[in-house]
Structures are given as C-alpha cells and as structure tokens.
>>> print(open('input33.tsv').read())   # TSV, N, CA and C atoms
chain	number	residue	atom	x	y	z
A	1	MET	N	2.19	-15.68	11.48
A	1	MET	CA	1.55	-14.39	11.60
A	1	MET	C	0.72	-14.13	10.34
A	2	ASN	N	-0.45	-13.52	10.51
A	2	ASN	CA	-1.31	-13.30	9.35
A	2	ASN	C	-1.04	-11.93	8.71
A	3	LEU	N	-1.70	-11.71	7.59
A	3	LEU	CA	-1.49	-10.49	6.79
A	3	LEU	C	-1.73	-9.22	7.60
A	4	THR	N	-2.84	-9.16	8.30
A	4	THR	CA	-3.15	-7.92	9.01
A	4	THR	C	-2.14	-7.63	10.12
A	5	GLU	N	-1.67	-8.66	10.79
A	5	GLU	CA	-0.65	-8.46	11.83
A	5	GLU	C	0.65	-7.95	11.22
A	6	GLU	N	1.03	-8.52	10.09
A	6	GLU	CA	2.25	-8.08	9.40
A	6	GLU	C	2.12	-6.63	8.96
A	7	LEU	N	0.97	-6.28	8.41
A	7	LEU	CA	0.76	-4.90	7.96
A	7	LEU	C	0.81	-3.92	9.14
A	8	LYS	N	0.25	-4.33	10.27
A	8	LYS	CA	0.30	-3.46	11.45
A	8	LYS	C	1.74	-3.20	11.86
A	9	LYS	N	2.58	-4.22	11.79
A	9	LYS	CA	3.99	-4.05	12.13
A	9	LYS	C	4.68	-3.04	11.21
A	10	LEU	N	4.16	-2.90	9.99
A	10	LEU	CA	4.75	-1.98	9.02
A	10	LEU	C	4.14	-0.58	9.09
A	11	GLY	N	3.26	-0.35	10.07
A	11	GLY	CA	2.69	0.97	10.27
A	11	GLY	C	1.33	1.19	9.64
A	12	VAL	N	0.75	0.15	9.04
A	12	VAL	CA	-0.58	0.29	8.44
A	12	VAL	C	-1.61	0.25	9.56
A	13	ASP	N	-2.54	1.19	9.56
A	13	ASP	CA	-3.60	1.22	10.56
A	13	ASP	C	-4.74	0.34	10.06
A	14	VAL	N	-4.54	-0.97	10.20
A	14	VAL	CA	-5.49	-1.95	9.67
A	14	VAL	C	-6.88	-1.76	10.29
A	15	ASP	N	-6.93	-1.46	11.57
A	15	ASP	CA	-8.23	-1.28	12.22
A	15	ASP	C	-9.02	-0.14	11.59
A	16	GLU	N	-8.34	0.97	11.33
A	16	GLU	CA	-9.01	2.10	10.66
A	16	GLU	C	-9.42	1.71	9.24
A	17	GLY	N	-8.54	1.00	8.54
A	17	GLY	CA	-8.87	0.56	7.19
A	17	GLY	C	-10.08	-0.35	7.18
A	18	LEU	N	-10.15	-1.25	8.14
A	18	LEU	CA	-11.31	-2.14	8.23
A	18	LEU	C	-12.57	-1.35	8.57
A	19	ASN	N	-12.44	-0.34	9.41
A	19	ASN	CA	-13.61	0.51	9.72
A	19	ASN	C	-14.14	1.18	8.46
A	20	ARG	N	-13.25	1.54	7.56
A	20	ARG	CA	-13.67	2.20	6.32
A	20	ARG	C	-14.52	1.28	5.44
A	21	VAL	N	-14.32	-0.04	5.61
A	21	VAL	CA	-15.10	-1.01	4.82
A	21	VAL	C	-16.05	-1.79	5.73
A	22	MET	N	-16.44	-1.16	6.82
A	22	MET	CA	-17.40	-1.72	7.78
A	22	MET	C	-17.01	-3.11	8.27
A	23	GLY	N	-15.71	-3.31	8.51
A	23	GLY	CA	-15.22	-4.55	9.08
A	23	GLY	C	-15.16	-5.73	8.12
A	24	ASP	N	-15.35	-5.46	6.85
A	24	ASP	CA	-15.37	-6.54	5.85
A	24	ASP	C	-13.94	-6.90	5.45
A	25	LEU	N	-13.35	-7.90	6.13
A	25	LEU	CA	-11.96	-8.28	5.89
A	25	LEU	C	-11.72	-8.72	4.45
A	26	PRO	N	-12.59	-9.57	3.86
A	26	PRO	CA	-12.35	-9.95	2.45
A	26	PRO	C	-12.33	-8.73	1.51
A	27	LEU	N	-13.18	-7.75	1.76
A	27	LEU	CA	-13.18	-6.54	0.94
A	27	LEU	C	-11.87	-5.77	1.14
A	28	TYR	N	-11.44	-5.64	2.38
A	28	TYR	CA	-10.19	-4.94	2.65
A	28	TYR	C	-9.03	-5.64	1.96
A	29	GLU	N	-9.00	-6.96	2.04
A	29	GLU	CA	-7.94	-7.72	1.39
A	29	GLU	C	-7.99	-7.55	-0.13
A	30	MET	N	-9.19	-7.47	-0.69
A	30	MET	CA	-9.33	-7.23	-2.13
A	30	MET	C	-8.77	-5.84	-2.48
A	31	MET	N	-9.05	-4.88	-1.62
A	31	MET	CA	-8.56	-3.53	-1.85
A	31	MET	C	-7.03	-3.47	-1.72
A	32	LEU	N	-6.45	-4.30	-0.86
A	32	LEU	CA	-5.00	-4.38	-0.78
A	32	LEU	C	-4.42	-4.83	-2.12
A	33	GLY	N	-5.11	-5.77	-2.77
A	33	GLY	CA	-4.70	-6.19	-4.11
A	33	GLY	C	-4.80	-5.05	-5.10
A	34	MET	N	-5.80	-4.20	-4.92
A	34	MET	CA	-5.95	-3.03	-5.79
A	34	MET	C	-4.80	-2.05	-5.59
A	35	PHE	N	-4.25	-2.00	-4.37
A	35	PHE	CA	-3.08	-1.17	-4.11
A	35	PHE	C	-1.90	-1.67	-4.92
A	36	VAL	N	-1.70	-2.98	-4.93
A	36	VAL	CA	-0.62	-3.56	-5.73
A	36	VAL	C	-0.79	-3.16	-7.19
A	37	ASP	N	-2.02	-3.24	-7.68
A	37	ASP	CA	-2.30	-2.85	-9.07
A	37	ASP	C	-2.05	-1.36	-9.29
A	38	ALA	N	-2.42	-0.54	-8.32
A	38	ALA	CA	-2.24	0.91	-8.45
A	38	ALA	C	-0.77	1.28	-8.53
A	39	VAL	N	0.06	0.60	-7.74
A	39	VAL	CA	1.50	0.87	-7.79
A	39	VAL	C	2.05	0.45	-9.15
A	40	ARG	N	1.58	-0.69	-9.64
A	40	ARG	CA	2.04	-1.17	-10.95
A	40	ARG	C	1.58	-0.22	-12.07
A	41	ASP	N	0.36	0.25	-11.98
A	41	ASP	CA	-0.21	1.08	-13.04
A	41	ASP	C	0.18	2.55	-12.97
A	42	ASN	N	0.74	2.96	-11.85
A	42	ASN	CA	1.16	4.35	-11.63
A	42	ASN	C	2.59	4.38	-11.14
A	43	PRO	N	3.51	3.86	-11.94
A	43	PRO	CA	4.89	3.75	-11.46
A	43	PRO	C	5.53	5.12	-11.23
A	44	VAL	N	6.30	5.16	-10.15
A	44	VAL	CA	7.07	6.37	-9.82
A	44	VAL	C	8.51	5.91	-9.63
A	45	SER	N	9.42	6.61	-10.27
A	45	SER	CA	10.84	6.28	-10.13
A	45	SER	C	11.60	7.57	-9.80
A	46	PRO	N	12.78	7.43	-9.23
A	46	PRO	CA	13.56	8.63	-8.88
A	46	PRO	C	13.80	9.55	-10.07
A	47	GLU	N	13.95	8.98	-11.25
A	47	GLU	CA	14.21	9.79	-12.45
A	47	GLU	C	13.03	10.69	-12.80
A	48	ASP	N	11.83	10.30	-12.41
A	48	ASP	CA	10.64	11.11	-12.72
A	48	ASP	C	10.72	12.51	-12.14
A	49	PHE	N	11.44	12.66	-11.04
A	49	PHE	CA	11.52	13.95	-10.37
A	49	PHE	C	12.49	14.91	-11.08
A	50	ASP	N	13.26	14.39	-12.04
A	50	ASP	CA	14.22	15.21	-12.78
A	50	ASP	C	13.65	15.78	-14.07
A	51	ARG	N	12.45	15.41	-14.40
A	51	ARG	CA	11.83	15.87	-15.65
A	51	ARG	C	11.25	17.27	-15.46
A	52	GLU	N	11.21	18.00	-16.56
A	52	GLU	CA	10.66	19.35	-16.49
A	52	GLU	C	9.14	19.34	-16.35
A	53	ASP	N	8.48	18.43	-17.06
A	53	ASP	CA	7.03	18.34	-17.01
A	53	ASP	C	6.64	17.37	-15.90
A	54	LEU	N	6.16	17.90	-14.81
A	54	LEU	CA	5.83	17.08	-13.65
A	54	LEU	C	4.34	16.73	-13.56
A	55	ASP	N	3.54	17.15	-14.55
A	55	ASP	CA	2.09	16.93	-14.48
A	55	ASP	C	1.74	15.45	-14.36
A	56	SER	N	2.37	14.62	-15.16
A	56	SER	CA	2.09	13.19	-15.10
A	56	SER	C	2.48	12.61	-13.74
A	57	LEU	N	3.61	13.03	-13.23
A	57	LEU	CA	4.06	12.55	-11.92
A	57	LEU	C	3.08	12.99	-10.83
A	58	ILE	N	2.64	14.22	-10.90
A	58	ILE	CA	1.67	14.72	-9.91
A	58	ILE	C	0.41	13.86	-9.93
A	59	LYS	N	-0.07	13.51	-11.11
A	59	LYS	CA	-1.28	12.68	-11.21
A	59	LYS	C	-1.05	11.30	-10.61
A	60	ARG	N	0.10	10.70	-10.88
A	60	ARG	CA	0.39	9.37	-10.33
A	60	ARG	C	0.53	9.42	-8.81
A	61	VAL	N	1.22	10.42	-8.31
A	61	VAL	CA	1.39	10.56	-6.86
A	61	VAL	C	0.03	10.81	-6.20
A	62	HIS	N	-0.80	11.62	-6.83
A	62	HIS	CA	-2.14	11.89	-6.29
A	62	HIS	C	-2.95	10.60	-6.21
A	63	THR	N	-2.88	9.78	-7.24
A	63	THR	CA	-3.59	8.50	-7.24
A	63	THR	C	-3.11	7.61	-6.10
A	64	LEU	N	-1.81	7.51	-5.94
A	64	LEU	CA	-1.25	6.65	-4.89
A	64	LEU	C	-1.55	7.20	-3.50
A	65	LYS	N	-1.58	8.51	-3.37
A	65	LYS	CA	-1.96	9.12	-2.09
A	65	LYS	C	-3.39	8.71	-1.72
A	66	GLY	N	-4.27	8.77	-2.69
A	66	GLY	CA	-5.67	8.40	-2.44
A	66	GLY	C	-5.84	6.94	-2.06
A	67	VAL	N	-5.17	6.06	-2.79
A	67	VAL	CA	-5.28	4.63	-2.51
A	67	VAL	C	-4.72	4.32	-1.12
A	68	THR	N	-3.56	4.87	-0.81
A	68	THR	CA	-2.96	4.58	0.49
A	68	THR	C	-3.77	5.19	1.63
A	69	GLY	N	-4.41	6.31	1.37
A	69	GLY	CA	-5.28	6.91	2.38
A	69	GLY	C	-6.50	6.06	2.64
A	70	ASN	N	-7.13	5.56	1.58
A	70	ASN	CA	-8.31	4.72	1.74
A	70	ASN	C	-8.01	3.44	2.50
A	71	LEU	N	-6.79	2.94	2.38
A	71	LEU	CA	-6.40	1.70	3.05
A	71	LEU	C	-5.73	1.96	4.40
A	72	SER	N	-5.64	3.21	4.79
A	72	SER	CA	-5.00	3.61	6.05
A	72	SER	C	-3.56	3.14	6.15
A	73	MET	N	-2.85	3.24	5.03
A	73	MET	CA	-1.42	2.93	4.99
A	73	MET	C	-0.68	4.19	5.39
A	74	THR	N	-0.74	4.50	6.65
A	74	THR	CA	-0.31	5.79	7.19
A	74	THR	C	1.09	6.22	6.73
A	75	PRO	N	2.12	5.37	6.84
A	75	PRO	CA	3.44	5.87	6.43
A	75	PRO	C	3.51	6.22	4.94
A	76	LEU	N	2.80	5.46	4.12
A	76	LEU	CA	2.81	5.75	2.69
A	76	LEU	C	1.93	6.95	2.37
A	77	PHE	N	0.76	7.01	2.97
A	77	PHE	CA	-0.14	8.14	2.74
A	77	PHE	C	0.55	9.45	3.11
A	78	THR	N	1.18	9.48	4.27
A	78	THR	CA	1.88	10.68	4.73
A	78	THR	C	2.98	11.07	3.75
A	79	GLY	N	3.73	10.07	3.28
A	79	GLY	CA	4.80	10.34	2.33
A	79	GLY	C	4.29	10.86	1.00
A	80	TYR	N	3.23	10.22	0.48
A	80	TYR	CA	2.67	10.68	-0.80
A	80	TYR	C	2.03	12.05	-0.66
A	81	GLN	N	1.42	12.31	0.49
A	81	GLN	CA	0.83	13.62	0.73
A	81	GLN	C	1.92	14.70	0.73
A	82	GLU	N	3.03	14.41	1.40
A	82	GLU	CA	4.15	15.34	1.42
A	82	GLU	C	4.70	15.56	0.01
A	83	MET	N	4.90	14.46	-0.73
A	83	MET	CA	5.41	14.58	-2.10
A	83	MET	C	4.50	15.43	-2.96
A	84	LEU	N	3.21	15.20	-2.85
A	84	LEU	CA	2.25	15.94	-3.67
A	84	LEU	C	2.34	17.44	-3.39
A	85	GLY	N	2.39	17.79	-2.13
A	85	GLY	CA	2.51	19.21	-1.78
A	85	GLY	C	3.80	19.82	-2.31
A	86	LEU	N	4.88	19.08	-2.19
A	86	LEU	CA	6.16	19.58	-2.68
A	86	LEU	C	6.17	19.71	-4.20
A	87	LEU	N	5.62	18.72	-4.88
A	87	LEU	CA	5.58	18.79	-6.35
A	87	LEU	C	4.74	19.96	-6.82
A	88	ARG	N	3.61	20.17	-6.17
A	88	ARG	CA	2.73	21.29	-6.55
A	88	ARG	C	3.37	22.64	-6.26
A	89	SER	N	4.33	22.63	-5.34
A	89	SER	CA	5.05	23.87	-5.02
A	89	SER	C	6.32	24.04	-5.85
A	90	GLY	N	6.56	23.08	-6.74
A	90	GLY	CA	7.74	23.16	-7.60
A	90	GLY	C	9.03	22.68	-6.94
A	91	CYS	N	8.91	21.94	-5.87
A	91	CYS	CA	10.09	21.47	-5.12
A	91	CYS	C	10.34	20.00	-5.43
A	92	ALA	N	10.75	19.73	-6.66
A	92	ALA	CA	10.93	18.35	-7.10
A	92	ALA	C	12.04	17.63	-6.35
A	93	LYS	N	13.11	18.33	-6.04
A	93	LYS	CA	14.23	17.70	-5.33
A	93	LYS	C	13.79	17.20	-3.96
A	94	GLU	N	13.07	18.03	-3.23
A	94	GLU	CA	12.58	17.65	-1.91
A	94	GLU	C	11.54	16.53	-2.01
A	95	ALA	N	10.71	16.57	-3.05
A	95	ALA	CA	9.72	15.51	-3.26
A	95	ALA	C	10.42	14.18	-3.52
A	96	ARG	N	11.51	14.23	-4.27
A	96	ARG	CA	12.28	13.01	-4.53
A	96	ARG	C	12.84	12.45	-3.23
A	97	GLU	N	13.32	13.31	-2.35
A	97	GLU	CA	13.84	12.85	-1.07
A	97	GLU	C	12.75	12.17	-0.24
A	98	ALA	N	11.55	12.74	-0.26
A	98	ALA	CA	10.42	12.12	0.45
A	98	ALA	C	10.09	10.77	-0.16
A	99	PHE	N	10.13	10.69	-1.48
A	99	PHE	CA	9.88	9.43	-2.20
A	99	PHE	C	10.90	8.38	-1.77
A	100	GLU	N	12.15	8.75	-1.74
A	100	GLU	CA	13.20	7.79	-1.38
A	100	GLU	C	13.08	7.32	0.06
A	101	ARG	N	12.52	8.16	0.93
A	101	ARG	CA	12.31	7.75	2.33
A	101	ARG	C	11.22	6.69	2.47
A	102	ILE	N	10.16	6.80	1.67
A	102	ILE	CA	9.05	5.85	1.85
A	102	ILE	C	9.19	4.59	1.00
A	103	MET	N	10.06	4.58	0.00
A	103	MET	CA	10.16	3.41	-0.87
A	103	MET	C	10.49	2.11	-0.15
A	104	PRO	N	11.40	2.10	0.83
A	104	PRO	CA	11.65	0.83	1.53
A	104	PRO	C	10.40	0.30	2.23
A	105	VAL	N	9.61	1.20	2.82
A	105	VAL	CA	8.38	0.78	3.50
A	105	VAL	C	7.37	0.28	2.47
A	106	GLN	N	7.25	0.99	1.36
A	106	GLN	CA	6.31	0.55	0.32
A	106	GLN	C	6.70	-0.83	-0.19
A	107	THR	N	7.97	-1.06	-0.39
A	107	THR	CA	8.43	-2.37	-0.87
A	107	THR	C	8.08	-3.45	0.15
A	108	GLN	N	8.26	-3.18	1.42
A	108	GLN	CA	7.92	-4.15	2.46
A	108	GLN	C	6.42	-4.44	2.46
A	109	ILE	N	5.60	-3.39	2.34
A	109	ILE	CA	4.15	-3.57	2.34
A	109	ILE	C	3.72	-4.37	1.11
A	110	LEU	N	4.28	-4.03	-0.05
A	110	LEU	CA	3.95	-4.78	-1.26
A	110	LEU	C	4.33	-6.25	-1.13
A	111	ASP	N	5.51	-6.51	-0.62
A	111	ASP	CA	5.96	-7.90	-0.44
A	111	ASP	C	5.03	-8.65	0.51
A	112	CYS	N	4.62	-7.98	1.56
A	112	CYS	CA	3.72	-8.58	2.54
A	112	CYS	C	2.38	-8.94	1.90
A	113	ILE	N	1.83	-8.05	1.11
A	113	ILE	CA	0.54	-8.30	0.45
A	113	ILE	C	0.66	-9.41	-0.57
A	114	LYS	N	1.73	-9.43	-1.30
A	114	LYS	CA	1.90	-10.42	-2.38
A	114	LYS	C	2.09	-11.84	-1.85
A	115	GLN	N	2.54	-11.96	-0.59
A	115	GLN	CA	2.76	-13.31	-0.04
A	115	GLN	C	1.49	-13.97	0.28
>>> encode(input="input33.tsv", output="structure tokens")
Amino acid sequence: MNLTEELKKLGVDVDEGLNRVMGDLPLYEMMLGMFVDAVRDNPVSPEDFDREDLDSLIKRVHTLKGVTGNLSMTPLFTGYQEMLGLLRSGCAKEAREAFERIMPVQTQILDCIKQ
C-alpha cells in the first residue's frame, strides 16, 4: 500500500490536500515532510497545559492547526482547532483532553509519513 492510501485510512483527506496543491503529488509529499518538521519544531506535551502562561502553547497549537488544515489532515486539524478554542477560552484542562485524544492518530500519521 502506498503513502496516500495509508493516510486515507488514518482519516487524512488526501484528495482535498492534493486539490490544494493542484494535484502535484511530489509537492504534497514535500509538504507532508514539512508537517513532520512542524511537529518537531512546535512540540506539545501534556505538561504544557498545566502551565500558567499558555501564550507559547497557543502559538504552537495555532501553527499545527494551520499545517494540518493545509494538508487536509482532518482528524488532527479538528483536534487542534478544538484545542485552540479551548485554550483561548482559558479551558486548559479540556484542551489537554482534546490533545490526548488526537495524539494516537498524530503518532500514526507521523509514522506513516516517516516510512
């Protein structure tokens, strides 16, 4: 099975993502690599939600929301969008719960891309 088929199984809307880059599969695949970099460069951990100053976390979550949206990674985009709204509303505990729900999917998507 190829990368795009695997991603589709994980809930990524590959067809929509490809439409965003006018069907350019090599460009889309390059952007998938940029997602791996974005996760590495904008780490989020459960402990981040326990800090009083959430500004840095909000910026990282916003970045990841944007990247996942551009790539049509629907389950991750939806989760990051929910987290961002909760964080901006001061609901860190609920945002952490949303984070913990999407982490297994994010790990699967990352593993799929890295292979």
>>> atom_distance(input="input33.tsv", atom1="CA of Val14 in chain A", atom2="CA of Ile109 in chain A")
12.2 Å
>>> select_by_dssp(input="input33.tsv", residues="chain A", states="alpha helix (DSSP H)", output="JSON, numbers by chain")
{"A": [3, 4, 5, 6, 7, 8, 9, 14, 15, 16, 17, 18, 19, 20, 25, 26, 27, 28, 29, 30, 31, 32, 33, 34, 35, 36, 37, 38, 39, 40, 41, 55, 56, 57, 58, 59, 60, 61, 62, 63, 64, 65, 66, 67, 68, 69, 70, 74, 75, 76, 77, 78, 79, 80, 81, 82, 83, 84, 85, 86, 87, 88, 92, 93, 94, 95, 96, 97, 98, 99, 100, 101, 102, 103, 104, 105, 106, 107, 108, 109, 110, 111, 112, 113, 114]}
>>> residues_around(input="input33.tsv", residues="Leu7 in chain A", least_positions_apart="4", cutoff="9 Å", atoms="only C-alpha atoms", output="list of chain:residue names")
A:Asn2, A:Leu3, A:Gly11, A:Val12, A:Asp13, A:Val14, A:Met73, A:Ile109, A:Cys112, A:Ile113
>>> closest_residue(input="input33.tsv", among="A:Leu54, A:Leu71, A:Met1, A:Leu64", to="Arg20 in chain A", atoms="all atoms listed in the file")
A:Leu71
>>> atom_distance(input="input33.tsv", atom1="atom C of Tyr80 in chain A", atom2="CA of Asp50 in chain A")
17.5 Å
>>> closest_residue(input="input33.tsv", among="A:Asp53, A:Met83, A:Thr74, A:His62", to="Lys8 in chain A", atoms="only C-alpha atoms")
A:Thr74
>>> residues_around(input="input33.tsv", residues="Gln81 in chain A", least_positions_apart="4", cutoff="8 Å", atoms="all atoms listed in the file", output="list of chain:residue names")
A:Val61, A:His62, A:Leu64, A:Lys65, A:Gly66, A:Pro75, A:Leu76, A:Phe77, A:Gly85, A:Leu86, A:Leu87
>>> write_last_selection(input="input33.tsv", atoms="N, CA and C atoms", output="compact mmCIF listing (two decimals), keeping the file's coordinate frame")
# COMPACT_ATOMS: atom_id res chain seq x y z
N VAL A 61 1.22 10.42 -8.31
CA VAL A 61 1.39 10.56 -6.86
C VAL A 61 0.03 10.81 -6.20
N HIS A 62 -0.80 11.62 -6.83
CA HIS A 62 -2.14 11.89 -6.29
C HIS A 62 -2.95 10.60 -6.21
N LEU A 64 -1.81 7.51 -5.94
CA LEU A 64 -1.25 6.65 -4.89
C LEU A 64 -1.55 7.20 -3.50
N LYS A 65 -1.58 8.51 -3.37
CA LYS A 65 -1.96 9.12 -2.09
C LYS A 65 -3.39 8.71 -1.72
N GLY A 66 -4.27 8.77 -2.69
CA GLY A 66 -5.67 8.40 -2.44
C GLY A 66 -5.84 6.94 -2.06
N PRO A 75 2.12 5.37 6.84
CA PRO A 75 3.44 5.87 6.43
C PRO A 75 3.51 6.22 4.94
N LEU A 76 2.80 5.46 4.12
CA LEU A 76 2.81 5.75 2.69
C LEU A 76 1.93 6.95 2.37
N PHE A 77 0.76 7.01 2.97
CA PHE A 77 -0.14 8.14 2.74
C PHE A 77 0.55 9.45 3.11
N GLY A 85 2.39 17.79 -2.13
CA GLY A 85 2.51 19.21 -1.78
C GLY A 85 3.80 19.82 -2.31
N LEU A 86 4.88 19.08 -2.19
CA LEU A 86 6.16 19.58 -2.68
C LEU A 86 6.17 19.71 -4.20
N LEU A 87 5.62 18.72 -4.88
CA LEU A 87 5.58 18.79 -6.35
C LEU A 87 4.74 19.96 -6.82
>>> atom_distance(input="input33.tsv", atom1="atom C of Ser56 in chain A", atom2="CA of Glu100 in chain A")
17.1 Å
>>> closest_residue(input="input33.tsv", among="A:Ala95, A:Glu29, A:Leu84, A:Arg40", to="Ile58 in chain A", atoms="only N, CA and C atoms")
A:Leu84
>>> axis_aligned_box(input="input33.tsv", around="range 52-63 of chain A", padding_each_side="3 Å", output="AutoDock Vina command-line options")
--center_x 3.8 --center_y 13.5 --center_z -11.6 --size_x 20.8 --size_y 17.7 --size_z 17.0
>>> closest_residue(input="input33.tsv", among="A:Ser89, A:Ser72, A:Glu52, A:Val67", to="Met34 in chain A", atoms="all atoms listed in the file")
A:Val67
>>> residues_around(input="input33.tsv", residues="Val44 in chain A", least_positions_apart="6", cutoff="9 Å", atoms="only C-alpha atoms", output="PyMOL selection string")
chain A and resi 57+60-61+99
>>> closest_residue(input="input33.tsv", among="A:Arg96, A:Asn70, A:Pro43, A:Gly79", to="Glu16 in chain A", atoms="only N, CA and C atoms")
A:Asn70
